[in-house]
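Everything below concerns the one structure shown next.
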Amino acid sequence: MEREALRVEGLRKRYGGLEVLAGVDLSLKEGEILALLGPSGSGKTTLLRIVAGLERPDAGRVYLFGQDVTHLPPERRGLGVVFQDYALFPHLTAWENVAFGLKGPRRREKALAALERVGLTLFKDRRPHELSGGQQQRVALARALAPGPRVVLLDEPFSSLDAGLRAATREEVRTILKGLGTAALLVTHDQEEALSFADRIGVLRGGRLEQVGTPEEVYLRPRTPFVAQFLGQTN
Ligand code: ADP
């Protein structure tokens with residue numbers, strides 16, 4: 001049986017008078033890709049930041065492989081994260097950025113192997129400003145994957161890419177994650193992205209999960225009018 005990589009139970013979060021998460025339960029299996037889909041302001045990023053340990057929930061628990069990590073700091077959760085505010089260091093080269101969080105004598109080899117996995121070997125000595133947006137995104141992914149996390153968190157990972165690159169990059173990243181057996185929880189407001197990238201989709205609305213299911217289930221058998229409307233619209 002596949003193990004449970006991540007589980008959140010009863011997560012609640014308020015900012016002042018605003019209820020951002022209203023009791024969210026969710027589970028992610030080992031190696032599974034789950035997309036949190038919902039309109040702007042529905043609580044997707046807050047949920048991801050709580051899982052990362054960057055925000056504290058008002059109530060609820062976060063488990064990684066059965067261990068309660070609710071009160072562990074981010075660096076002790078063993079997660080890979082690709083967030084907007086985890087930007088690359090501008091003064092370091094691609095490989096130095098990837099090696100930054102690694103330890104031990106083989107950190108250079110490990111960093112280069114991670115860059116190779118994302119197809120950036122030729123760009124290893126470039127600094128972020130000498131790379132395209134898509135290449136920077138891949139360096140960030142290589143950095144997240146280099147320590148060998150079993151779960152990665154991705155916040156709108158493809159949103160900075162232009163439309164032509166997005167589908168291809170998505171497919172590459174999916175292949176990399178599946179090859180490594182790394183579970184991923186990603187945030188997106190793009191229904192097409194969720195449908196093509198994820199094994200399961202959780203649709204958030206106003207801090208509640210309206211439906212969690214495979215792309216086929218949520219698309220063909222939406223459980224609420226909101227899910228039907230949100231999945232049906234195209235950008
Ligand atoms: P999403 O990622 O779905 O767009 P967010 O989780 O970023 O939604 O935000 C949900 C709501 O919480 C929004 O209304 C946002 O303005 C509010 N919010 C998020 N972070 C904070 C914060 N640190 N302080 C106050 N309000 C916040």
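We label chains A, B, ... in the order they appear in the structure tokens, count residues from 1 in each chain, and number ligands from 1 in the order shown.
Using only C-alpha atoms and all ligand atoms as the basis for the distance check, residues found within 7 Å of ligand 1 are Tyr15, Val20, Gly38, Pro39, Ser40, Gly41, Ser42, Gly43, Lys44, Thr45, Thr46 and Leu47 of chain A.
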Shell of 8 Å around range 79-82 of chain A, only C-alpha atoms, local chain residues under 2 positions omitted, as a PyMOL selection string: chain A and resi 52+74-75+77+84+86+140-141+144-145+147+149-155+157
Go ahead and save the residues from that selection, with all heavy atoms, as a compact mmCIF listing (two decimals), in the first residue's frame.
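As a result, out-v6.txt now contains:
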# COMPACT_ATOMS: atom_id res chain seq x y z
N ALA A 52 4.47 24.33 4.78
CA ALA A 52 5.91 24.61 4.76
C ALA A 52 6.45 25.01 6.13
O ALA A 52 7.65 24.92 6.37
CB ALA A 52 6.20 25.73 3.75
N PRO A 74 10.47 25.42 9.48
CA PRO A 74 10.54 24.98 8.07
C PRO A 74 11.74 24.09 7.76
O PRO A 74 11.59 23.07 7.08
CB PRO A 74 10.64 26.30 7.30
CG PRO A 74 10.10 27.34 8.20
CD PRO A 74 10.30 26.87 9.61
N GLU A 75 12.91 24.46 8.27
CA GLU A 75 14.13 23.75 7.88
C GLU A 75 14.20 22.34 8.46
O GLU A 75 15.01 21.53 8.03
CB GLU A 75 15.38 24.57 8.25
CG GLU A 75 15.62 24.79 9.74
CD GLU A 75 14.83 25.99 10.31
OE1 GLU A 75 13.94 26.53 9.60
OE2 GLU A 75 15.10 26.36 11.47
N ARG A 77 11.52 20.29 8.40
CA ARG A 77 10.44 19.49 7.84
C ARG A 77 10.90 18.62 6.67
O ARG A 77 10.15 17.76 6.22
CB ARG A 77 9.29 20.40 7.41
CG ARG A 77 8.71 21.13 8.60
CD ARG A 77 7.44 21.88 8.28
NE ARG A 77 6.99 22.54 9.50
CZ ARG A 77 5.75 22.92 9.74
NH1 ARG A 77 4.81 22.72 8.82
NH2 ARG A 77 5.43 23.50 10.88
N GLN A 84 7.57 31.94 -4.61
CA GLN A 84 7.98 33.24 -5.16
C GLN A 84 8.99 33.92 -4.23
O GLN A 84 9.97 34.49 -4.68
CB GLN A 84 6.76 34.16 -5.30
CG GLN A 84 6.33 34.35 -6.75
CD GLN A 84 5.56 33.15 -7.28
OE1 GLN A 84 5.27 32.24 -6.53
NE2 GLN A 84 5.25 33.16 -8.54
N TYR A 86 11.06 32.57 -2.22
CA TYR A 86 12.30 31.82 -2.04
C TYR A 86 13.14 32.01 -3.29
O TYR A 86 13.60 31.07 -3.91
CB TYR A 86 12.00 30.33 -1.86
CG TYR A 86 11.83 29.91 -0.43
CD1 TYR A 86 10.92 30.54 0.39
CD2 TYR A 86 12.57 28.86 0.09
CE1 TYR A 86 10.75 30.14 1.70
CE2 TYR A 86 12.42 28.45 1.41
CZ TYR A 86 11.50 29.11 2.21
OH TYR A 86 11.35 28.71 3.50
N ALA A 140 15.45 26.90 -9.56
CA ALA A 140 14.74 26.85 -8.27
C ALA A 140 14.24 25.43 -8.00
O ALA A 140 14.30 24.94 -6.87
CB ALA A 140 13.59 27.84 -8.27
N LEU A 141 13.76 24.78 -9.05
CA LEU A 141 13.29 23.40 -8.89
C LEU A 141 14.46 22.47 -8.56
O LEU A 141 14.35 21.61 -7.67
CB LEU A 141 12.58 22.94 -10.17
CG LEU A 141 12.01 21.54 -10.10
CD1 LEU A 141 10.78 21.50 -9.19
CD2 LEU A 141 11.64 21.02 -11.49
N ALA A 144 15.34 22.86 -5.03
CA ALA A 144 14.37 22.21 -4.13
C ALA A 144 14.56 20.69 -4.12
O ALA A 144 14.38 20.04 -3.09
CB ALA A 144 12.95 22.56 -4.56
N LEU A 145 14.93 20.13 -5.27
CA LEU A 145 15.02 18.67 -5.39
C LEU A 145 16.39 18.12 -4.97
O LEU A 145 16.50 16.94 -4.62
CB LEU A 145 14.74 18.23 -6.83
CG LEU A 145 13.30 18.41 -7.32
CD1 LEU A 145 13.21 18.08 -8.80
CD2 LEU A 145 12.32 17.55 -6.52
N PRO A 147 18.40 18.17 -2.36
CA PRO A 147 18.61 17.42 -1.10
C PRO A 147 17.82 16.11 -1.04
O PRO A 147 17.93 15.40 -0.05
CB PRO A 147 18.12 18.39 -0.02
CG PRO A 147 17.96 19.71 -0.69
CD PRO A 147 17.68 19.42 -2.12
N PRO A 149 14.23 15.63 -1.19
CA PRO A 149 13.03 15.63 -0.35
C PRO A 149 12.01 14.62 -0.90
O PRO A 149 12.02 14.33 -2.09
CB PRO A 149 12.49 17.05 -0.50
CG PRO A 149 12.90 17.44 -1.89
CD PRO A 149 14.27 16.81 -2.08
N ARG A 150 11.17 14.10 -0.02
CA ARG A 150 10.13 13.19 -0.50
C ARG A 150 8.84 13.93 -0.84
O ARG A 150 7.94 13.36 -1.44
CB ARG A 150 9.88 12.09 0.53
CG ARG A 150 11.06 11.13 0.60
CD ARG A 150 10.85 10.05 1.61
NE ARG A 150 10.76 10.61 2.94
CZ ARG A 150 10.44 9.91 4.03
NH1 ARG A 150 10.16 8.63 3.91
NH2 ARG A 150 10.39 10.49 5.20
N VAL A 151 8.78 15.20 -0.42
CA VAL A 151 7.62 16.04 -0.74
C VAL A 151 8.13 17.42 -1.16
O VAL A 151 8.99 17.99 -0.49
CB VAL A 151 6.69 16.21 0.49
CG1 VAL A 151 5.50 17.09 0.14
CG2 VAL A 151 6.21 14.86 1.01
N VAL A 152 7.60 17.93 -2.27
CA VAL A 152 7.91 19.31 -2.65
C VAL A 152 6.63 20.13 -2.68
O VAL A 152 5.55 19.62 -2.99
CB VAL A 152 8.62 19.45 -4.02
CG1 VAL A 152 10.03 18.92 -3.96
CG2 VAL A 152 7.84 18.81 -5.14
N LEU A 153 6.78 21.42 -2.36
CA LEU A 153 5.67 22.37 -2.39
C LEU A 153 5.97 23.40 -3.46
O LEU A 153 7.06 23.97 -3.49
CB LEU A 153 5.54 23.08 -1.03
CG LEU A 153 5.44 22.17 0.19
CD1 LEU A 153 5.39 23.02 1.46
CD2 LEU A 153 4.20 21.27 0.10
N LEU A 154 5.01 23.61 -4.34
CA LEU A 154 5.23 24.49 -5.48
C LEU A 154 4.12 25.53 -5.53
O LEU A 154 2.95 25.19 -5.66
CB LEU A 154 5.22 23.68 -6.78
CG LEU A 154 6.10 22.42 -6.84
CD1 LEU A 154 5.71 21.53 -8.03
CD2 LEU A 154 7.56 22.81 -6.96
N ASP A 155 4.51 26.81 -5.45
CA ASP A 155 3.51 27.87 -5.49
C ASP A 155 3.50 28.50 -6.88
O ASP A 155 4.45 29.19 -7.24
CB ASP A 155 3.85 28.93 -4.43
CG ASP A 155 2.73 29.95 -4.26
OD1 ASP A 155 1.71 29.86 -4.97
OD2 ASP A 155 2.89 30.85 -3.42
N PRO A 157 4.14 27.38 -9.88
CA PRO A 157 5.49 27.19 -10.41
C PRO A 157 5.66 27.56 -11.87
O PRO A 157 6.77 27.81 -12.32
CB PRO A 157 5.75 25.69 -10.21
CG PRO A 157 4.39 25.07 -10.17
CD PRO A 157 3.50 26.10 -9.53
Select, from A:Lys103, A:Arg14, A:Arg143, A:Arg7, the residue with the minimum atom-to-atom distance to Val69 in chain A, counting only C-alpha atoms. A:Arg7
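Excluding range 96-102 of chain A itself and same-chain residues fewer than 3 positions from it, the residues having an atom within 9 Å of it are Leu88, Phe89, Pro90, Leu92, Thr93, Arg106, Arg107, Arg108, Glu109, Lys110, Ala111, Leu112, Ala114, Leu115, Lys124, Asp125, Arg127, Val139, Ala140, Leu141, Ala142, Arg143, Ala144, Leu145, Ala146 and Pro147 of chain A, counting only C-alpha atoms.
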Between CA of Leu122 in chain A and CA of Phe197 in chain A, measure the distance and give it in Å to one decimal. 26.9 Å
Once DSSP has gone over the backbone, tell me which residues of range 44-158 of chain A are in strand (DSSP E), as JSON, numbers by chain. {"A": [59, 60, 61, 62, 63, 64, 67, 68, 80, 81, 82, 151, 152, 153, 154, 155]}
Dump all heavy atoms for the selected residues as a compact mmCIF listing (two decimals), in the first residue's frame?
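File again_25.txt, as written:
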# COMPACT_ATOMS: atom_id res chain seq x y z
N ALA A 59 -5.63 26.48 14.26
CA ALA A 59 -6.01 25.15 14.74
C ALA A 59 -5.67 24.15 13.66
O ALA A 59 -5.53 24.51 12.49
CB ALA A 59 -7.52 25.11 15.04
N GLY A 60 -5.54 22.89 14.05
CA GLY A 60 -5.28 21.84 13.07
C GLY A 60 -3.86 21.33 13.15
O GLY A 60 -3.02 21.87 13.88
N ARG A 61 -3.61 20.28 12.39
CA ARG A 61 -2.31 19.59 12.45
C ARG A 61 -1.78 19.31 11.06
O ARG A 61 -2.54 19.13 10.11
CB ARG A 61 -2.45 18.24 13.16
CG ARG A 61 -3.07 18.30 14.51
CD ARG A 61 -2.06 17.84 15.58
NE ARG A 61 -2.22 18.60 16.80
CZ ARG A 61 -1.26 19.32 17.38
NH1 ARG A 61 -0.06 19.40 16.86
NH2 ARG A 61 -1.48 19.97 18.49
N VAL A 62 -0.45 19.22 10.98
CA VAL A 62 0.22 18.84 9.73
C VAL A 62 1.10 17.63 10.04
O VAL A 62 1.90 17.66 10.99
CB VAL A 62 1.11 19.99 9.20
CG1 VAL A 62 1.83 19.56 7.92
CG2 VAL A 62 0.30 21.25 8.97
N TYR A 63 0.94 16.56 9.26
CA TYR A 63 1.75 15.35 9.44
C TYR A 63 2.53 15.07 8.17
O TYR A 63 1.99 15.15 7.07
CB TYR A 63 0.86 14.13 9.72
CG TYR A 63 0.04 14.24 10.96
CD1 TYR A 63 -1.24 14.78 10.92
CD2 TYR A 63 0.52 13.79 12.19
CE1 TYR A 63 -2.02 14.89 12.07
CE2 TYR A 63 -0.24 13.88 13.34
CZ TYR A 63 -1.51 14.44 13.28
OH TYR A 63 -2.27 14.55 14.41
N LEU A 64 3.81 14.71 8.33
CA LEU A 64 4.62 14.24 7.20
C LEU A 64 5.05 12.82 7.50
O LEU A 64 5.69 12.57 8.53
CB LEU A 64 5.84 15.14 7.00
CG LEU A 64 5.53 16.52 6.41
CD1 LEU A 64 6.75 17.44 6.54
CD2 LEU A 64 5.11 16.43 4.95
N GLN A 67 4.50 11.75 10.99
CA GLN A 67 5.06 12.54 12.09
C GLN A 67 4.36 13.90 12.17
O GLN A 67 4.22 14.59 11.16
CB GLN A 67 6.57 12.76 11.87
CG GLN A 67 7.26 13.37 13.08
CD GLN A 67 8.59 14.05 12.73
OE1 GLN A 67 9.08 13.95 11.61
NE2 GLN A 67 9.16 14.74 13.70
N ASP A 68 3.96 14.26 13.37
CA ASP A 68 3.33 15.56 13.57
C ASP A 68 4.40 16.65 13.49
O ASP A 68 5.28 16.74 14.35
CB ASP A 68 2.65 15.58 14.95
CG ASP A 68 1.86 16.86 15.17
OD1 ASP A 68 2.05 17.83 14.42
OD2 ASP A 68 1.03 16.87 16.12
N GLY A 80 11.00 20.21 0.02
CA GLY A 80 11.55 21.09 -0.99
C GLY A 80 10.50 22.14 -1.31
O GLY A 80 9.33 21.80 -1.44
N VAL A 81 10.91 23.40 -1.40
CA VAL A 81 9.91 24.43 -1.71
C VAL A 81 10.34 25.30 -2.87
O VAL A 81 11.50 25.67 -2.99
CB VAL A 81 9.56 25.33 -0.49
CG1 VAL A 81 8.95 24.52 0.63
CG2 VAL A 81 10.78 26.07 0.00
N VAL A 82 9.40 25.58 -3.74
CA VAL A 82 9.61 26.53 -4.82
C VAL A 82 8.53 27.59 -4.67
O VAL A 82 7.39 27.38 -5.10
CB VAL A 82 9.54 25.86 -6.21
CG1 VAL A 82 9.84 26.89 -7.31
CG2 VAL A 82 10.53 24.71 -6.31
N VAL A 151 8.78 15.20 -0.42
CA VAL A 151 7.62 16.04 -0.74
C VAL A 151 8.13 17.42 -1.16
O VAL A 151 8.99 17.99 -0.49
CB VAL A 151 6.69 16.21 0.49
CG1 VAL A 151 5.50 17.09 0.14
CG2 VAL A 151 6.21 14.86 1.01
N VAL A 152 7.60 17.93 -2.27
CA VAL A 152 7.91 19.31 -2.65
C VAL A 152 6.63 20.13 -2.68
O VAL A 152 5.55 19.62 -2.99
CB VAL A 152 8.62 19.45 -4.02
CG1 VAL A 152 10.03 18.92 -3.96
CG2 VAL A 152 7.84 18.81 -5.14
N LEU A 153 6.78 21.42 -2.36
CA LEU A 153 5.67 22.37 -2.39
C LEU A 153 5.97 23.40 -3.46
O LEU A 153 7.06 23.97 -3.49
CB LEU A 153 5.54 23.08 -1.03
CG LEU A 153 5.44 22.17 0.19
CD1 LEU A 153 5.39 23.02 1.46
CD2 LEU A 153 4.20 21.27 0.10
N LEU A 154 5.01 23.61 -4.34
CA LEU A 154 5.23 24.49 -5.48
C LEU A 154 4.12 25.53 -5.53
O LEU A 154 2.95 25.19 -5.66
CB LEU A 154 5.22 23.68 -6.78
CG LEU A 154 6.10 22.42 -6.84
CD1 LEU A 154 5.71 21.53 -8.03
CD2 LEU A 154 7.56 22.81 -6.96
N ASP A 155 4.51 26.81 -5.45
CA ASP A 155 3.51 27.87 -5.49
C ASP A 155 3.50 28.50 -6.88
O ASP A 155 4.45 29.19 -7.24
CB ASP A 155 3.85 28.93 -4.43
CG ASP A 155 2.73 29.95 -4.26
OD1 ASP A 155 1.71 29.86 -4.97
OD2 ASP A 155 2.89 30.85 -3.42
Selection: 12 Å around Leu231 in chain A, only C-alpha atoms, excl. self and same-chain fewer than 3 positions, as a PyMOL selection string: chain A and resi 37-39+189-195+201-204+211+215-228+234-235
Could you work out how far CA of Ala167 in chain A lies from CA of Glu4 in chain A, giving the answer in Å with one decimal?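 The value is 28.5 Å.
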Best match for closeness to Thr169 in chain A among A:Ala198, A:Val118, A:Leu26, A:Leu54, counting only C-alpha atoms: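 For Thr169 in chain A, the nearest of the candidates is A:Val118.
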What does the distance from CA of Leu209 in chain A to CA of Leu21 in chain A come to in Å, to one decimal?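 These two atoms are separated by 9.4 Å.
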Among the residues A:Ile33, A:Leu165, A:Ala94, A:Leu48, the one that comes closest to Leu131 in chain A [using only C-alpha atoms]: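 With only C-alpha atoms as the atom set, the closest residue is A:Ala94.
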Using only C-alpha atoms, pick whichever of A:Pro105, A:Gly207, A:Gly179, A:Gly213 has the shortest atom-to-atom distance to Arg117 in chain A.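 Closest to Arg117 in chain A of all the choices is A:Gly179.
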Which of these residues is nearest to Trp95 in chain A, using only C-alpha atoms: A:Arg76, A:Gln136, A:Val24, A:Leu11?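 With only C-alpha atoms as the atom set, the closest residue is A:Gln136.
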With DSSP run on the backbone, what are the alpha helix (DSSP H) residues within range 152-233 of chain A? I'd like them as a ChimeraX atom specification. /A:163-180,191-197,215-220,225-232
Write a file of the just-selected residues containing N, CA and C atoms, as a short mmCIF file (atom, residue, chain, number, x, y, z; two decimals), in the first residue's frame.
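As a result, part-v8.cif now contains:
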data_model
loop_
_atom_site.label_atom_id
_atom_site.label_comp_id
_atom_site.auth_asym_id
_atom_site.auth_seq_id
_atom_site.Cartn_x
_atom_site.Cartn_y
_atom_site.Cartn_z
N ALA A 163 3.22 31.32 -22.40
CA ALA A 163 2.31 30.23 -22.71
C ALA A 163 2.96 29.11 -23.52
N GLY A 164 3.85 29.50 -24.44
CA GLY A 164 4.49 28.51 -25.29
C GLY A 164 5.38 27.54 -24.52
N LEU A 165 6.02 28.05 -23.48
CA LEU A 165 6.95 27.23 -22.70
C LEU A 165 6.25 26.43 -21.61
N ARG A 166 5.08 26.93 -21.21
CA ARG A 166 4.46 26.42 -19.99
C ARG A 166 4.11 24.93 -20.08
N ALA A 167 3.47 24.55 -21.17
CA ALA A 167 3.02 23.16 -21.28
C ALA A 167 4.20 22.20 -21.31
N ALA A 168 5.26 22.58 -22.05
CA ALA A 168 6.42 21.71 -22.17
C ALA A 168 7.15 21.60 -20.82
N THR A 169 7.30 22.73 -20.13
CA THR A 169 8.00 22.71 -18.84
C THR A 169 7.23 21.87 -17.83
N ARG A 170 5.92 22.04 -17.86
CA ARG A 170 5.04 21.28 -16.97
C ARG A 170 5.24 19.77 -17.17
N GLU A 171 5.29 19.38 -18.43
CA GLU A 171 5.46 17.96 -18.74
C GLU A 171 6.82 17.46 -18.26
N GLU A 172 7.85 18.29 -18.45
CA GLU A 172 9.20 17.92 -17.99
C GLU A 172 9.24 17.76 -16.48
N VAL A 173 8.64 18.72 -15.80
CA VAL A 173 8.66 18.68 -14.33
C VAL A 173 7.88 17.47 -13.83
N ARG A 174 6.77 17.18 -14.49
CA ARG A 174 5.98 16.01 -14.11
C ARG A 174 6.81 14.73 -14.27
N THR A 175 7.54 14.66 -15.38
CA THR A 175 8.38 13.48 -15.64
C THR A 175 9.48 13.35 -14.57
N ILE A 176 10.08 14.49 -14.21
CA ILE A 176 11.14 14.47 -13.19
C ILE A 176 10.57 13.99 -11.85
N LEU A 177 9.44 14.56 -11.45
CA LEU A 177 8.85 14.19 -10.15
C LEU A 177 8.47 12.72 -10.13
N LYS A 178 7.88 12.25 -11.22
CA LYS A 178 7.45 10.85 -11.27
C LYS A 178 8.66 9.92 -11.29
N GLY A 179 9.73 10.36 -11.99
CA GLY A 179 10.95 9.56 -12.03
C GLY A 179 11.59 9.40 -10.66
N LEU A 180 11.54 10.48 -9.87
CA LEU A 180 12.13 10.45 -8.53
C LEU A 180 11.17 9.87 -7.49
N GLN A 191 -7.01 26.24 -14.19
CA GLN A 191 -7.66 24.94 -14.23
C GLN A 191 -7.03 23.98 -15.24
N GLU A 192 -6.58 24.53 -16.38
CA GLU A 192 -5.95 23.68 -17.39
C GLU A 192 -4.67 23.06 -16.84
N GLU A 193 -3.93 23.89 -16.09
CA GLU A 193 -2.69 23.40 -15.48
C GLU A 193 -2.98 22.28 -14.48
N ALA A 194 -3.97 22.49 -13.65
CA ALA A 194 -4.32 21.47 -12.65
C ALA A 194 -4.76 20.18 -13.36
N LEU A 195 -5.57 20.33 -14.39
CA LEU A 195 -6.10 19.14 -15.07
C LEU A 195 -5.00 18.34 -15.77
N SER A 196 -3.99 19.04 -16.31
CA SER A 196 -2.98 18.31 -17.07
C SER A 196 -1.79 17.87 -16.22
N PHE A 197 -1.58 18.50 -15.08
CA PHE A 197 -0.36 18.23 -14.31
C PHE A 197 -0.59 17.30 -13.13
N PRO A 215 -8.58 14.45 -11.93
CA PRO A 215 -9.03 15.43 -12.92
C PRO A 215 -10.35 15.02 -13.58
N GLU A 216 -10.49 13.74 -13.90
CA GLU A 216 -11.73 13.26 -14.52
C GLU A 216 -12.92 13.49 -13.60
N GLU A 217 -12.74 13.15 -12.32
CA GLU A 217 -13.86 13.29 -11.38
C GLU A 217 -14.32 14.74 -11.25
N VAL A 218 -13.35 15.64 -11.01
CA VAL A 218 -13.77 17.02 -10.77
C VAL A 218 -14.28 17.67 -12.05
N TYR A 219 -13.75 17.24 -13.19
CA TYR A 219 -14.17 17.85 -14.45
C TYR A 219 -15.51 17.28 -14.92
N LEU A 220 -15.61 15.97 -14.87
CA LEU A 220 -16.82 15.33 -15.41
C LEU A 220 -17.94 15.18 -14.39
N PRO A 225 -22.04 23.38 -7.92
CA PRO A 225 -22.09 24.30 -9.08
C PRO A 225 -20.81 25.13 -9.20
N PHE A 226 -20.23 25.47 -8.05
CA PHE A 226 -18.99 26.25 -8.09
C PHE A 226 -17.87 25.48 -8.80
N VAL A 227 -17.71 24.20 -8.45
CA VAL A 227 -16.67 23.38 -9.08
C VAL A 227 -16.93 23.28 -10.59
N ALA A 228 -18.19 23.06 -10.94
CA ALA A 228 -18.55 22.95 -12.36
C ALA A 228 -18.20 24.23 -13.10
N GLN A 229 -18.54 25.35 -12.49
CA GLN A 229 -18.31 26.64 -13.14
C GLN A 229 -16.81 26.93 -13.21
N PHE A 230 -16.10 26.63 -12.11
CA PHE A 230 -14.67 26.97 -12.08
C PHE A 230 -13.86 26.10 -13.03
N LEU A 231 -14.19 24.82 -13.10
CA LEU A 231 -13.46 23.91 -14.00
C LEU A 231 -13.86 24.11 -15.45
N GLY A 232 -15.07 24.63 -15.65
CA GLY A 232 -15.56 24.77 -17.02
C GLY A 232 -15.00 25.98 -17.73
#
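Using only C-alpha atoms, the shortest contact distance between Glu116 in chain A and any of A:His129, A:Glu9, A:Arg138, A:Asp199 is found at A:Arg138.
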